[in-house]
Amino acid sequence: MSIDILGIVNNFKLEGDFIYSEVYGCGHINDTYAVYFKRDNEAPIRYILQRINTQIFDAKELMENICLVTDYLKDKIKEEGGDPARNTLTIIPTVDGNLYYEDSEHGCWRIYKFIEDTITYQSAADETVSRNVGAAFGHFQKQLADFDAKKLYEIIPNFHNTRMRFDALKKAIDSDAKGRAESAKDAISFALEREKYCDVVTDKLGTKEIPFRVTHNDTKLNNILIDPDTGKSVCIIDLDTVMPGSVLYDFGDSNRFGSNTALEDETDLSKVSFDLKIFKAFTEGFLSEVGDILTDTEKELLAFSCILMTYECGIRFLADYLEGDVYFKTSHDTHNLERARNQFKLIEDMESKLGKMREIVNLY
Ligand code: ADP
Ligand code: GN1
Ligand code: MG
């Protein structure tokens with residue numbers, strides 16, 4: 001079914017006349033487009049248009065969260081002498097003043113200012129970028145330290161509850177709805193053998209040995225826009241999952257993706273490995289911002305958190321494969337299985353490097 005982009009963008013307060021749109025970016029969740037507008041005597045302008053994935057998110061709650069967080073961040077950025085129009089997302093309201101537009105088929109659409117002159121990476125960048133990204137995610141943590149988490153909806157409850165992700169995987173294996181379990185035997189055994197990882201962080205959150213903080217929860221490297229000239233972070237995007245969580249989720253998830261020498265869906269597993277130099281640079285940047293805030297228990301678990309978040313993501317891909325690709329966007333039938341195998345290869349490599357990873361954390 002073709003989408004009437006013009007009919008959608010006409011509902012927003014935008015400058016100029018619509019020219020065309022293109023599918024944009026590599027996100028797994030929302031449908032993202034760049035939409036181009038021409039203006040009199042000025043260069044054309046583009047915006048980011050997204051159809052919110054309403055199978056996953058309640059659009060109203062989601063956009064209220066993002067509005068609160070970006071308003072808060074804009075004040076912080078101003079205080080710091082930054083550029084609030086570039087250093088965080090800007091929601092463009094609808095002509096009726098709403099945060100999103102709902103079409104006649106209940107599709108929910110939002111528009112952000114397009115942050116120009118930036119790039120995203122899809123796997124390990126260089127050490128300078130990694131250090132900067134670590135510092136940027138650490139700084140984000142600091143900026144939100146005093147944000148009142150009670151104001152936020154828990155937009156996806158138990159998002160990083162690895163035990164619940166594990167139980168969901170077991171259910172998917174048992175029901176084997178698409179008859180795919182046989183083809184994923186290797187990945188299933190790998191996941192089941194590592195059940196011991198599930199409760200390490202959630203147990204400590206439960207006993208308050210680890211504090212809840214306001215965290216991003218989806219810190220993969222393509223959720224940060226980088227200045228191609230300086231390699232510095234311009235903007236942390238994809239604020240959909242900002243909610244209370246553990247700092248270990250943000251640290252671990254960022255390294256899951258950003259310290260992988262290969263793409264997340266690389267099928268040549270000989271290319272998949274955990275790059276200790278990139279990890280070291282990230283850790284240095286991250287701890288330069290939050291080293292004095294984190295508790296000893298959090299610091300002790302930083303290295304392990306990379307394994308945990310890779311494990312959690314791997315079992316989510318695997319469960320989605322078994323359930324018939326109902327959650328993550330895929331381009332072919334075995335895509336989620338390939339992603340799961342990729343994450344599991346990365347875990348094997350991290351397991352053999354965990355001692356070194358801990359030594360690196362201790363340096364900072
Ligand atoms: P998803 O939730 O599907 O991952 P994202 O919000 O991360 O969607 O957006 C997908 C991609 O679109 C990003 O990785 C980035 O490349 C691009 N993008 C998103 N928002 C902006 C923006 N405001 N300016 C420039 N690029 C953006
Ligand atoms: C999704 O939205 P995106 O593509 O940045 C997912 C993350 C996974 C990631 C794996 C809301 O992130 O949790 O770690 O894919 N986001 C959501 O690449 O589920
Ligand atoms: Mg994203």
# chains A, B, ... in the order shown; residues from 1 in each chain; ligands from 1
$ residues_around --residues "Asp333 (chain A)" --least-positions-apart "4" --cutoff "12 Å" --atoms "only C-alpha atoms" --output "list of chain:residue names"
A:Lys178, A:Arg180, A:Ser183, A:Asp320, A:Tyr321, A:Leu322, A:Glu323, A:Gly324, A:Asp325, A:Val326, A:Phe328, A:Lys329, A:Leu337, A:Glu338, A:Arg339
$ residues_near_ligand --ligand "ligand 1" --cutoff "9 Å" --atoms "only C-alpha atoms and all ligand atoms" --output "MDAnalysis selection string"
chainID A and resid 24:34 47:50 52:53 86 88:91 111:122 218 220:225 235 237:240 329
$ write_last_selection --atoms "C-alpha atoms" --output "short mmCIF file (atom, residue, chain, number, x, y, z; two decimals), in the first residue's frame"
data_model
loop_
_atom_site.label_atom_id
_atom_site.label_comp_id
_atom_site.auth_asym_id
_atom_site.auth_seq_id
_atom_site.Cartn_x
_atom_site.Cartn_y
_atom_site.Cartn_z
CA TYR A 24 15.93 6.82 5.66
CA GLY A 25 18.33 5.26 8.21
CA CYS A 26 18.83 1.76 9.60
CA GLY A 27 16.51 1.66 12.65
CA HIS A 28 14.80 -1.63 13.47
CA ILE A 29 11.64 -0.22 15.01
CA ASN A 30 9.99 2.84 13.46
CA ASP A 31 9.46 3.67 9.75
CA THR A 32 11.77 6.59 9.07
CA TYR A 33 11.69 8.97 6.08
CA ALA A 34 13.57 12.10 5.10
CA TYR A 47 12.84 16.85 8.12
CA ILE A 48 12.74 13.40 9.72
CA LEU A 49 9.25 11.91 9.44
CA GLN A 50 8.58 8.73 11.42
CA ILE A 52 5.75 5.35 15.27
CA ASN A 53 5.63 1.60 15.78
CA ARG A 86 21.33 20.56 17.29
CA THR A 88 18.96 17.24 21.15
CA LEU A 89 15.87 16.38 19.12
CA THR A 90 13.27 19.04 18.29
CA ILE A 91 9.68 17.87 17.84
CA ILE A 111 8.33 14.93 12.71
CA TYR A 112 11.72 16.02 14.05
CA LYS A 113 14.05 18.72 12.81
CA PHE A 114 16.66 17.06 10.61
CA ILE A 115 20.07 17.51 12.23
CA GLU A 116 22.29 18.15 9.22
CA ASP A 117 26.03 17.63 8.65
CA THR A 118 26.30 14.54 10.79
CA ILE A 119 26.92 10.84 10.20
CA THR A 120 26.07 7.59 11.98
CA TYR A 121 28.20 4.44 12.20
CA GLN A 122 26.88 0.88 11.86
CA ASP A 218 19.01 1.96 23.41
CA LYS A 220 23.60 1.71 19.92
CA LEU A 221 26.05 3.61 17.81
CA ASN A 222 23.54 4.54 15.11
CA ASN A 223 21.49 6.33 17.75
CA ILE A 224 24.11 9.05 18.03
CA LEU A 225 24.79 11.64 15.34
CA CYS A 235 23.18 14.64 19.22
CA ILE A 237 18.73 10.50 19.18
CA ASP A 238 16.11 7.73 19.41
CA LEU A 239 14.81 8.85 22.79
CA ASP A 240 11.90 6.38 22.61
CA LYS A 329 12.39 -5.20 10.93
#
$ residues_around --residues "region 6-12 of chain A" --least-positions-apart "5" --cutoff "12 Å" --atoms "only C-alpha atoms" --output "ChimeraX atom specification"
/A:17-21,33-37,46-51,91-105,107-113
$ residues_around --residues "region 62-65 of chain A" --least-positions-apart "3" --cutoff "7 Å" --atoms "only C-alpha atoms" --output "mmCIF file with N, CA and C atoms, in the first residue's frame"
data_model
loop_
_atom_site.group_PDB
_atom_site.id
_atom_site.type_symbol
_atom_site.label_atom_id
_atom_site.label_comp_id
_atom_site.auth_asym_id
_atom_site.auth_seq_id
_atom_site.Cartn_x
_atom_site.Cartn_y
_atom_site.Cartn_z
ATOM 1 N N PHE A 57 4.736 0.818 20.934
ATOM 2 C CA PHE A 57 4.603 2.023 21.765
ATOM 3 C C PHE A 57 3.168 2.543 21.785
ATOM 4 N N ASP A 58 2.781 3.091 22.926
ATOM 5 C CA ASP A 58 1.587 3.925 23.008
ATOM 6 C C ASP A 58 2.035 5.321 22.555
ATOM 7 N N ALA A 59 1.561 5.762 21.385
ATOM 8 C CA ALA A 59 2.108 6.982 20.767
ATOM 9 C C ALA A 59 1.959 8.204 21.674
ATOM 10 N N LEU A 68 8.897 15.869 27.323
ATOM 11 C CA LEU A 68 9.432 16.225 28.649
ATOM 12 C C LEU A 68 10.962 16.158 28.651
ATOM 13 N N VAL A 69 11.484 15.075 28.087
ATOM 14 C CA VAL A 69 12.936 14.859 28.123
ATOM 15 C C VAL A 69 13.657 15.910 27.269
ATOM 16 N N LEU A 99 1.595 16.615 19.437
ATOM 17 C CA LEU A 99 2.973 16.116 19.307
ATOM 18 C C LEU A 99 3.107 15.086 18.195
ATOM 19 N N LEU A 152 7.892 10.228 33.941
ATOM 20 C CA LEU A 152 7.927 9.452 32.691
ATOM 21 C C LEU A 152 7.046 8.203 32.777
ATOM 22 N N TYR A 153 6.380 7.884 31.682
ATOM 23 C CA TYR A 153 5.733 6.581 31.573
ATOM 24 C C TYR A 153 6.828 5.537 31.403
ATOM 25 N N ILE A 155 7.723 3.193 29.343
ATOM 26 C CA ILE A 155 7.118 3.058 28.017
ATOM 27 C C ILE A 155 7.102 1.603 27.521
ATOM 28 N N ASP A 240 13.148 7.122 22.371
ATOM 29 C CA ASP A 240 11.899 6.383 22.613
ATOM 30 C C ASP A 240 11.909 5.616 23.929
#
$ residues_around --residues "Pro244 (chain A)" --least-positions-apart "6" --cutoff "7 Å" --atoms "only C-alpha atoms" --output "VMD selection string"
chain A and resid 149 212 to 215
$ residues_around --residues "Lys299 (chain A)" --least-positions-apart "6" --cutoff "9 Å" --atoms "only C-alpha atoms" --output "list in words"
Leu248, Gly291, Val361 and Asn362 of chain A
$ residues_around --residues "Asp292 (chain A)" --least-positions-apart "5" --cutoff "12 Å" --atoms "only C-alpha atoms" --output "PyMOL selection string"
chain A and resi 138+142+286-287+298-299+364
$ write_last_selection --atoms "C-alpha atoms" --output "PDB file, in the first residue's frame"
ATOM      1  CA  GLY A 138      28.129   9.472  30.010  1.00  0.00           C
ATOM      2  CA  LYS A 142      24.748  13.261  33.917  1.00  0.00           C
ATOM      3  CA  PHE A 286      32.318   7.291  29.603  1.00  0.00           C
ATOM      4  CA  LEU A 287      34.091   7.278  32.956  1.00  0.00           C
ATOM      5  CA  GLU A 298      28.159  -0.501  39.104  1.00  0.00           C
ATOM      6  CA  LYS A 299      31.844  -0.131  38.238  1.00  0.00           C
ATOM      7  CA  TYR A 364      39.839   4.686  34.797  1.00  0.00           C
TER       8      TYR A 364
END
$ select_by_dssp --residues "region 73-227 of chain A" --states "alpha helix (DSSP H)" --output "number ranges by chain"
A: 73-79, 127-143, 162-175, 185-193, 200-206
$ write_last_selection --atoms "C-alpha atoms" --output "PDB file, in the first residue's frame"
ATOM      1  CA  LEU A  73      17.643  18.664  27.894  1.00  0.00           C
ATOM      2  CA  LYS A  74      17.249  21.919  25.953  1.00  0.00           C
ATOM      3  CA  ASP A  75      17.466  23.896  29.218  1.00  0.00           C
ATOM      4  CA  LYS A  76      20.561  21.940  30.274  1.00  0.00           C
ATOM      5  CA  ILE A  77      22.176  22.429  26.865  1.00  0.00           C
ATOM      6  CA  LYS A  78      21.544  26.189  27.036  1.00  0.00           C
ATOM      7  CA  GLU A  79      23.117  26.340  30.506  1.00  0.00           C
ATOM      8  CA  GLU A 127      39.123   5.104  18.889  1.00  0.00           C
ATOM      9  CA  THR A 128      38.629   8.864  18.836  1.00  0.00           C
ATOM     10  CA  VAL A 129      34.975   8.507  17.873  1.00  0.00           C
ATOM     11  CA  SER A 130      34.528   5.753  20.450  1.00  0.00           C
ATOM     12  CA  ARG A 131      36.006   7.919  23.216  1.00  0.00           C
ATOM     13  CA  ASN A 132      33.718  10.786  22.195  1.00  0.00           C
ATOM     14  CA  VAL A 133      30.666   8.530  22.036  1.00  0.00           C
ATOM     15  CA  GLY A 134      31.473   7.151  25.494  1.00  0.00           C
ATOM     16  CA  ALA A 135      31.769  10.683  26.837  1.00  0.00           C
ATOM     17  CA  ALA A 136      28.512  11.691  25.128  1.00  0.00           C
ATOM     18  CA  PHE A 137      26.517   8.810  26.622  1.00  0.00           C
ATOM     19  CA  GLY A 138      28.129   9.472  30.010  1.00  0.00           C
ATOM     20  CA  HIS A 139      27.257  13.143  29.704  1.00  0.00           C
ATOM     21  CA  PHE A 140      23.661  12.289  28.749  1.00  0.00           C
ATOM     22  CA  GLN A 141      23.477  10.273  31.964  1.00  0.00           C
ATOM     23  CA  LYS A 142      24.748  13.261  33.917  1.00  0.00           C
ATOM     24  CA  GLN A 143      22.386  15.700  32.219  1.00  0.00           C
ATOM     25  CA  THR A 162      16.806 -10.265  30.960  1.00  0.00           C
ATOM     26  CA  ARG A 163      15.029 -12.984  32.972  1.00  0.00           C
ATOM     27  CA  MET A 164      11.740 -12.070  31.316  1.00  0.00           C
ATOM     28  CA  ARG A 165      13.440 -12.011  27.908  1.00  0.00           C
ATOM     29  CA  PHE A 166      14.792 -15.492  28.668  1.00  0.00           C
ATOM     30  CA  ASP A 167      11.333 -16.751  29.671  1.00  0.00           C
ATOM     31  CA  ALA A 168       9.926 -15.302  26.439  1.00  0.00           C
ATOM     32  CA  LEU A 169      12.596 -17.187  24.497  1.00  0.00           C
ATOM     33  CA  LYS A 170      11.728 -20.455  26.256  1.00  0.00           C
ATOM     34  CA  LYS A 171       8.054 -19.923  25.404  1.00  0.00           C
ATOM     35  CA  ALA A 172       8.966 -19.286  21.772  1.00  0.00           C
ATOM     36  CA  ILE A 173      11.051 -22.476  21.694  1.00  0.00           C
ATOM     37  CA  ASP A 174       8.254 -24.528  23.255  1.00  0.00           C
ATOM     38  CA  SER A 175       5.536 -23.295  20.944  1.00  0.00           C
ATOM     39  CA  LYS A 185      19.354 -25.591  17.313  1.00  0.00           C
ATOM     40  CA  ASP A 186      22.898 -24.239  17.690  1.00  0.00           C
ATOM     41  CA  ALA A 187      21.707 -20.783  18.756  1.00  0.00           C
ATOM     42  CA  ILE A 188      19.074 -22.191  21.114  1.00  0.00           C
ATOM     43  CA  SER A 189      21.636 -24.359  22.961  1.00  0.00           C
ATOM     44  CA  PHE A 190      24.026 -21.423  23.190  1.00  0.00           C
ATOM     45  CA  ALA A 191      21.314 -19.248  24.761  1.00  0.00           C
ATOM     46  CA  LEU A 192      20.029 -21.885  27.185  1.00  0.00           C
ATOM     47  CA  GLU A 193      23.539 -22.722  28.408  1.00  0.00           C
ATOM     48  CA  VAL A 200      22.913 -10.616  37.751  1.00  0.00           C
ATOM     49  CA  VAL A 201      21.766  -7.018  37.261  1.00  0.00           C
ATOM     50  CA  THR A 202      18.022  -7.287  37.961  1.00  0.00           C
ATOM     51  CA  ASP A 203      18.697  -8.971  41.328  1.00  0.00           C
ATOM     52  CA  LYS A 204      20.985  -6.124  42.363  1.00  0.00           C
ATOM     53  CA  LEU A 205      18.445  -3.518  41.226  1.00  0.00           C
ATOM     54  CA  GLY A 206      15.881  -5.407  43.315  1.00  0.00           C
TER      55      GLY A 206
END
$ closest_residue --among "A:Thr219, A:Arg39, A:Phe274, A:Phe304" --to "Ala262 (chain A)" --atoms "only C-alpha atoms"
A:Phe274
$ select_by_dssp --residues "region 100-329 of chain A" --states "strand (DSSP E or B)" --output "ChimeraX atom specification"
/A:101-102,108-113,119,213-215,224-226,233-236,243-245,260,274
$ closest_residue --among "A:Met309, A:Ile236, A:Val272, A:Ala184" --to "ligand 3" --atoms "only C-alpha atoms and all ligand atoms"
A:Ile236
$ atom_distance --atom1 "atom 10 (C, counted along the ligand's line) of ligand 2" --atom2 "CA of Asn217 (chain A)"
10.9 Å
$ closest_residue --among "A:Ala303, A:Asp71, A:Thr297, A:Lys150" --to "Gly355 (chain A)" --atoms "only C-alpha atoms"
A:Ala303
$ atom_distance --atom1 "CA of Arg316 (chain A)" --atom2 "CA of Lys271 (chain A)"
21.8 Å
$ atom_distance --atom1 "CA of Gly252 (chain A)" --atom2 "CA of Ile307 (chain A)"
7.2 Å
$ closest_residue --among "A:Val234, A:Ile45, A:Ile293, A:Val242" --to "ligand 2" --atoms "only C-alpha atoms and all ligand atoms"
A:Val242
